[in-house]
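The next block is query_6.txt, given as compact mmCIF, C-alpha atoms.
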# COMPACT_ATOMS: atom_id res chain seq x y z
CA MET A 1 0.00 0.00 0.00
CA VAL A 2 1.27 3.41 -0.96
CA LEU A 3 0.65 6.71 0.76
CA SER A 4 -0.88 9.15 -1.71
CA PRO A 5 0.08 12.85 -1.66
CA ALA A 6 -3.26 13.49 0.08
CA ASP A 7 -2.45 10.84 2.73
CA LYS A 8 0.92 12.46 3.40
CA THR A 9 -0.68 15.88 3.75
CA ASN A 10 -3.28 14.48 6.16
CA VAL A 11 -0.70 12.71 8.31
CA LYS A 12 1.62 15.73 8.44
CA GLU A 13 -1.27 17.99 9.38
CA ILE A 14 -2.77 15.99 12.24
CA LEU A 15 0.60 14.82 13.58
CA GLY A 16 2.27 18.19 13.03
CA PRO A 17 1.99 18.92 16.77
CA TRP A 18 3.94 15.72 17.43
CA VAL A 19 6.80 16.96 15.31
CA LYS A 20 6.73 20.32 17.09
CA ALA A 21 6.58 18.90 20.62
CA LEU A 22 7.90 15.41 21.23
CA PRO A 23 6.59 15.24 24.83
CA TYR A 24 3.08 15.68 23.40
CA ALA A 25 3.68 12.71 21.10
CA GLY A 26 5.12 10.76 24.02
CA ASP A 27 1.98 11.35 26.09
CA HIS A 28 -0.24 10.13 23.28
CA ILE A 29 1.82 6.99 22.76
CA ALA A 30 1.90 6.27 26.50
CA GLU A 31 -1.90 6.52 26.54
CA ALA A 32 -2.12 4.25 23.48
CA LEU A 33 0.08 1.71 25.25
CA GLU A 34 -2.12 1.85 28.36
CA ARG A 35 -5.20 1.35 26.21
CA MET A 36 -3.54 -1.58 24.46
CA PHE A 37 -2.50 -3.33 27.69
CA LEU A 38 -6.04 -3.02 29.08
CA SER A 39 -7.96 -3.94 25.92
CA PHE A 40 -5.57 -6.61 24.65
CA PRO A 41 -3.97 -8.24 27.68
CA THR A 42 -1.88 -10.61 25.54
CA THR A 43 0.28 -7.61 24.61
CA LYS A 44 1.49 -7.47 28.20
CA THR A 45 3.52 -10.63 27.58
CA TYR A 46 6.20 -8.48 25.95
CA PHE A 47 6.60 -6.41 29.12
CA PRO A 48 6.92 -8.79 32.08
CA HIS A 49 9.67 -6.51 33.41
CA PHE A 50 7.49 -3.38 33.36
CA ASP A 51 5.22 -1.77 35.91
CA LEU A 52 2.09 -1.46 33.78
CA SER A 53 -0.09 0.40 36.27
CA HIS A 54 -1.71 3.71 35.31
CA GLY A 55 0.86 6.48 35.11
CA SER A 56 3.81 4.09 35.14
CA ALA A 57 7.10 5.86 34.56
CA GLN A 58 8.33 2.91 32.52
CA VAL A 59 5.34 3.11 30.18
CA LYS A 60 5.85 6.87 29.89
CA GLY A 61 9.50 6.31 29.05
CA HIS A 62 8.61 3.69 26.50
CA GLY A 63 6.03 6.04 25.02
CA LYS A 64 8.79 8.63 24.48
CA LYS A 65 10.96 6.08 22.66
CA VAL A 66 8.20 4.98 20.32
CA ALA A 67 7.10 8.60 19.81
CA LYS A 68 10.59 9.58 18.69
CA ALA A 69 10.63 6.82 16.09
CA LEU A 70 7.09 7.51 14.84
CA THR A 71 7.70 11.25 14.66
CA ASN A 72 10.82 10.52 12.64
CA ALA A 73 8.67 8.46 10.28
CA VAL A 74 6.25 11.40 9.91
CA GLU A 75 9.15 13.63 8.92
CA HIS A 76 10.33 11.10 6.34
CA LEU A 77 7.13 9.87 4.75
CA ASP A 78 8.83 9.61 1.37
CA ASP A 79 11.56 7.39 2.66
CA MET A 80 10.30 5.43 5.64
CA PRO A 81 12.34 2.24 5.22
CA ASN A 82 15.52 4.28 5.29
CA ALA A 83 14.38 6.52 8.13
CA LEU A 84 13.35 3.59 10.30
CA SER A 85 16.41 1.56 9.42
CA ALA A 86 18.64 4.45 10.41
CA LEU A 87 17.38 4.01 13.98
CA SER A 88 18.12 0.29 13.77
CA ASP A 89 14.39 -0.20 14.25
CA LEU A 90 14.30 -2.93 11.67
CA ASP A 91 16.97 -5.08 13.28
CA LEU A 92 15.65 -4.24 16.73
CA HIS A 93 12.17 -5.57 16.04
CA ALA A 94 13.36 -8.45 13.85
CA HIS A 95 16.09 -9.91 15.97
CA LYS A 96 15.86 -8.54 19.47
CA LEU A 97 12.22 -7.76 20.29
CA ARG A 98 10.62 -10.27 17.90
CA VAL A 99 7.15 -8.87 18.49
CA ASP A 100 4.59 -10.97 16.65
CA PRO A 101 3.30 -8.88 13.73
CA VAL A 102 -0.31 -9.10 14.91
CA ASN A 103 0.55 -6.77 17.78
CA PHE A 104 1.43 -3.84 15.53
CA LYS A 105 -2.23 -3.78 14.46
CA LEU A 106 -3.32 -3.68 18.09
CA LEU A 107 -1.06 -0.75 19.00
CA SER A 108 -1.99 1.04 15.78
CA HIS A 109 -5.69 0.71 16.60
CA CYS A 110 -5.15 2.03 20.13
CA LEU A 111 -3.17 4.95 18.75
CA LEU A 112 -6.04 5.79 16.40
CA VAL A 113 -8.46 5.64 19.34
CA THR A 114 -6.19 7.95 21.37
CA LEU A 115 -5.96 10.49 18.55
CA ALA A 116 -9.72 10.23 17.92
CA ALA A 117 -10.42 10.95 21.60
CA HIS A 118 -8.05 13.93 21.78
CA LEU A 119 -8.49 15.42 18.30
CA PRO A 120 -12.10 14.69 17.28
CA ALA A 121 -12.40 17.67 14.93
CA GLU A 122 -9.25 16.81 13.00
CA PHE A 123 -10.04 13.08 12.93
CA THR A 124 -12.23 13.20 9.82
CA PRO A 125 -12.94 10.01 7.83
CA ALA A 126 -10.28 10.94 5.26
CA VAL A 127 -7.68 11.64 7.96
CA HIS A 128 -8.70 8.43 9.75
CA ALA A 129 -8.02 6.52 6.53
CA SER A 130 -4.64 8.21 5.94
CA LEU A 131 -3.51 7.59 9.53
CA ASP A 132 -4.55 3.94 9.34
CA LYS A 133 -2.54 3.57 6.14
CA PHE A 134 0.46 5.36 7.67
CA LEU A 135 0.52 3.13 10.74
CA ALA A 136 0.06 0.04 8.58
CA SER A 137 3.02 1.16 6.45
CA VAL A 138 5.19 1.65 9.52
CA SER A 139 4.19 -1.80 10.75
CA THR A 140 5.03 -3.36 7.39
CA VAL A 141 8.45 -1.70 7.34
CA LEU A 142 9.18 -2.80 10.92
CA THR A 143 8.40 -6.42 10.12
CA SER A 144 10.08 -6.41 6.71
CA LYS A 145 13.27 -7.95 8.00
CA TYR A 146 11.60 -10.60 10.15
CA ARG A 147 12.52 -13.36 7.74
CA MET B 1 -14.57 -15.69 24.51
CA GLY B 2 -14.91 -12.64 26.72
CA HIS B 3 -16.71 -12.83 30.00
CA PHE B 4 -18.47 -9.60 30.92
CA THR B 5 -18.08 -8.45 34.51
CA GLU B 6 -20.89 -6.46 36.12
CA GLU B 7 -18.68 -3.43 35.64
CA ASP B 8 -18.30 -4.14 31.92
CA LYS B 9 -22.07 -4.42 31.54
CA ALA B 10 -22.68 -1.20 33.45
CA THR B 11 -20.02 0.63 31.40
CA ILE B 12 -21.36 -0.62 28.08
CA THR B 13 -25.00 0.05 28.94
CA SER B 14 -24.45 3.53 30.30
CA LEU B 15 -22.35 4.68 27.35
CA TRP B 16 -24.80 3.23 24.85
CA GLY B 17 -27.59 5.17 26.51
CA LYS B 18 -25.91 8.36 25.37
CA VAL B 19 -25.33 7.28 21.77
CA ASN B 20 -27.44 8.64 18.92
CA VAL B 21 -27.78 5.35 17.07
CA GLU B 22 -28.76 6.96 13.78
CA ASP B 23 -25.76 9.30 13.68
CA ALA B 24 -23.31 6.76 15.05
CA GLY B 25 -24.58 4.11 12.62
CA GLY B 26 -24.01 6.22 9.56
CA GLU B 27 -20.67 7.40 10.91
CA THR B 28 -19.47 3.87 11.67
CA LEU B 29 -20.53 2.21 8.44
CA GLY B 30 -19.35 5.22 6.44
CA ARG B 31 -15.90 5.19 8.01
CA LEU B 32 -15.64 1.42 7.44
CA LEU B 33 -16.22 1.99 3.73
CA VAL B 34 -13.77 4.93 3.61
CA VAL B 35 -10.95 3.47 5.68
CA TYR B 36 -11.23 -0.09 4.31
CA PRO B 37 -12.51 0.45 0.77
CA TRP B 38 -12.61 -3.25 -0.07
CA THR B 39 -15.59 -3.53 2.29
CA GLN B 40 -17.55 -1.68 -0.38
CA ARG B 41 -17.81 -5.03 -2.14
CA PHE B 42 -21.03 -5.73 -0.24
CA PHE B 43 -22.69 -2.51 -1.23
CA ASP B 44 -22.75 -2.30 -5.02
CA SER B 45 -26.40 -1.32 -4.89
CA PHE B 46 -25.76 1.67 -2.65
CA GLY B 47 -25.01 4.15 -5.41
CA ASN B 48 -22.33 6.79 -5.11
CA LEU B 49 -19.38 5.62 -3.00
CA SER B 50 -16.77 7.42 -5.06
CA SER B 51 -15.29 9.66 -2.35
CA ALA B 52 -15.18 10.03 1.41
CA SER B 53 -17.78 12.80 1.33
CA ALA B 54 -20.01 10.84 -1.08
CA ILE B 55 -19.88 7.83 1.24
CA MET B 56 -20.50 9.79 4.45
CA GLY B 57 -23.43 11.63 2.85
CA ASN B 58 -24.96 8.59 1.14
CA PRO B 59 -28.50 8.04 2.53
CA LYS B 60 -28.33 4.26 2.00
CA VAL B 61 -25.11 4.08 3.99
CA LYS B 62 -26.72 6.05 6.82
CA ALA B 63 -29.84 3.91 6.81
CA HIS B 64 -27.92 0.66 6.78
CA GLY B 65 -25.54 1.88 9.44
CA LYS B 66 -28.49 2.70 11.66
CA LYS B 67 -29.90 -0.81 11.09
CA VAL B 68 -26.61 -2.48 12.04
CA LEU B 69 -26.09 -0.43 15.19
CA THR B 70 -29.71 -0.85 16.26
CA SER B 71 -29.18 -4.60 16.13
CA LEU B 72 -25.96 -4.26 18.10
CA GLY B 73 -27.72 -2.08 20.67
CA GLY B 74 -30.41 -4.69 21.07
CA ALA B 75 -27.77 -7.25 21.96
CA ILE B 76 -26.54 -5.18 24.89
CA LYS B 77 -29.42 -6.49 26.98
CA HIS B 78 -28.25 -10.04 26.29
CA LEU B 79 -24.52 -9.86 26.87
CA ASP B 80 -24.51 -13.27 28.53
CA ASP B 81 -26.05 -14.95 25.51
CA LEU B 82 -24.75 -13.21 22.42
CA LYS B 83 -24.40 -16.50 20.55
CA GLY B 84 -28.10 -17.22 20.96
CA THR B 85 -29.06 -13.63 20.23
CA PHE B 86 -27.12 -13.55 16.96
CA ALA B 87 -27.70 -17.15 15.81
CA GLN B 88 -30.10 -16.27 13.02
CA LEU B 89 -28.13 -13.22 11.93
CA SER B 90 -25.03 -15.40 11.83
CA GLU B 91 -26.70 -17.81 9.44
CA LEU B 92 -27.91 -14.90 7.35
CA HIS B 93 -24.43 -13.36 7.10
CA CYS B 94 -22.99 -16.73 6.07
CA ASP B 95 -25.62 -18.23 3.81
CA LYS B 96 -27.23 -15.20 2.19
CA LEU B 97 -24.84 -12.28 2.56
CA HIS B 98 -21.55 -14.22 2.27
CA VAL B 99 -19.70 -11.78 4.50
CA ASP B 100 -16.19 -12.76 5.59
CA PRO B 101 -16.25 -12.55 9.43
CA GLU B 102 -13.05 -10.52 9.26
CA ASN B 103 -15.35 -7.64 8.39
CA PHE B 104 -17.07 -7.88 11.77
CA LYS B 105 -13.73 -7.21 13.44
CA LEU B 106 -13.10 -4.22 11.20
CA LEU B 107 -16.55 -2.77 11.89
CA GLY B 108 -16.15 -3.34 15.62
CA ASN B 109 -12.90 -1.41 15.74
CA VAL B 110 -14.34 1.41 13.65
CA LEU B 111 -17.24 1.62 16.13
CA VAL B 112 -14.77 1.86 19.02
CA THR B 113 -13.02 4.69 17.18
CA VAL B 114 -16.32 6.51 16.55
CA LEU B 115 -17.17 6.21 20.26
CA ALA B 116 -13.76 7.74 21.06
CA ILE B 117 -14.49 10.68 18.76
CA HIS B 118 -17.85 11.32 20.41
CA PHE B 119 -16.95 10.75 24.02
CA GLY B 120 -13.35 11.99 24.10
CA LYS B 121 -11.83 11.85 27.59
CA GLU B 122 -14.87 9.98 28.87
CA PHE B 123 -13.80 7.09 26.61
CA THR B 124 -11.07 6.13 29.04
CA PRO B 125 -8.79 3.10 28.57
CA GLU B 126 -11.07 1.19 30.96
CA VAL B 127 -14.21 2.08 29.03
CA GLN B 128 -12.48 1.15 25.78
CA ALA B 129 -11.50 -2.23 27.24
CA SER B 130 -15.14 -3.04 28.03
CA TRP B 131 -16.16 -2.04 24.53
CA GLN B 132 -13.38 -4.06 22.91
CA LYS B 133 -14.77 -7.09 24.78
CA MET B 134 -18.20 -6.19 23.44
CA VAL B 135 -17.23 -5.90 19.78
CA THR B 136 -15.06 -9.02 19.94
CA ALA B 137 -17.91 -11.00 21.46
CA VAL B 138 -20.39 -9.71 18.86
CA ALA B 139 -18.00 -10.58 16.03
CA SER B 140 -17.54 -14.03 17.48
CA ALA B 141 -21.28 -14.58 17.90
CA LEU B 142 -21.95 -13.44 14.35
CA SER B 143 -19.46 -15.93 12.98
CA SER B 144 -20.52 -18.81 15.22
CA ARG B 145 -22.94 -20.35 12.69
CA TYR B 146 -20.59 -20.18 9.71
CA HIS B 147 -19.97 -23.42 7.90
Kindly present the structure from the file in structure tokens form.
Amino acid sequence: MVLSPADKTNVKEILGPWVKALPYAGDHIAEALERMFLSFPTTKTYFPHFDLSHGSAQVKGHGKKVAKALTNAVEHLDDMPNALSALSDLDLHAHKLRVDPVNFKLLSHCLLVTLAAHLPAEFTPAVHASLDKFLASVSTVLTSKYR
Amino acid sequence: MGHFTEEDKATITSLWGKVNVEDAGGETLGRLLVVYPWTQRFFDSFGNLSSASAIMGNPKVKAHGKKVLTSLGGAIKHLDDLKGTFAQLSELHCDKLHVDPENFKLLGNVLVTVLAIHFGKEFTPEVQASWQKMVTAVASALSSRYH
């Protein structure tokens, strides 16, 4: 699936604030993670070493990490494989984390829900579609080196 | 399959009480068709689905969306027997409509997203978790009679 020029515009517009303020992005991702752990308990199996309670500093810290990578992807929509590979994200997920691909869909969904809850006016059907495509693209790139 | 706690039931029922089923129905089905365009395969007779705005404004989409959500709302009173409640509809979706059950999952997640748009902060991670149980259970019940 390819991001159209319209998709790229939509993603850059709604996630513009992320690019401007990384802590804002980090908060959103931390919330998405919390939503994911509650709604899809199987995802917790990747974090046995984490305190997953509400407001956990570890989840917040993890949110910042993921936010940095995703924000980087937003700034490099034309060249995501390269941008994500530069952060060793591909090898990280393929050989170290080995997160089953199904989980990227779960986090993506929870991120959409978070954005929908916080930015209802901006979250139009067209933007919803573009964001879903963007997150699916990121997921595909992250799992591209799995085997 | 999900077991609904008394808290889940209370959460689901109270939120649903505040939903405008007509608006939410059109919104949910419309977004399904926009975000996952292949789902349009079931709606050739619906007329103009050529753009996001055409889909969201299409009166047949709105009417059908209302029908689907009304049925879902009716099931909320029978959360302990969704399989029984949806038995006939399951047969219908298999034998007459030939709908791949994967679509039920997609619709369920779009509904959760629409609820997030409407309820914002009120759609907390805990509330979302109850609703994820709900849509998963409905999807499962609707596919239970497939053969």
>> Can you pull out the residues contacting A:Phe134? Cut-off 8 Å, using all atoms listed in the file, and skip same-chain residues under 5 positions away; I want them as a list in words.
In response: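 These residues fall inside the cut-off: Leu3, Asp7 and Val11 of chain A.
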> Quick one: which residues from chain A are at most 6 Å off chain B, using only C-alpha atoms, as a PyMOL selection string?
Replying inline: chain A and resi 35+38-39+113+116-117+120+125+129
> Could you tell me, as a ChimeraX atom specification, which residues have any atom at most 6 Å from (2.3, 4.7, 25.9), counting all atoms listed in the file?
Replying inline: /A:29-34,59-60,63
> Nearest to A:Val99 among A:Leu119, A:Leu142, A:Leu22, A:Leu15, with distances taken over all atoms listed in the file: which residue is it?
Replying inline: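 Looking at the shortest contact to A:Val99, the residue is A:Leu142.
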> Rounded to one decimal in Å, what is the spacing between atom CA of A:Phe47 and atom CA of A:Asn72?
Replying inline: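 Computing it gives 24.0 Å between the two atoms.
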>> Env of stretch 1-10 of chain B: 12 Å cut, atoms = all atoms listed in the file, seq-sep filter 2 positions within chain, self excluded. Answer as number ranges by chain.
In response: A: 39-41; B: 12-17, 75-83, 126-141, 144
> Any idea what the distance is between atom CA of B:Ser143 and atom CA of B:Pro101?
Replying inline: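 Here the two named atoms are 5.9 Å from each other.
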> What is the distance between atom CA of A:Tyr146 and atom CA of A:Lys133, in Å to one decimal?
Replying inline: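 Going from atom CA of A:Tyr146 over to atom CA of A:Lys133, I get 20.4 Å.
Ranking A:Ser137, A:Thr42, A:Thr124, A:Thr143 by their shortest atom-to-atom distance to A:Leu90, with only C-alpha atoms included, puts A:Thr143 first.
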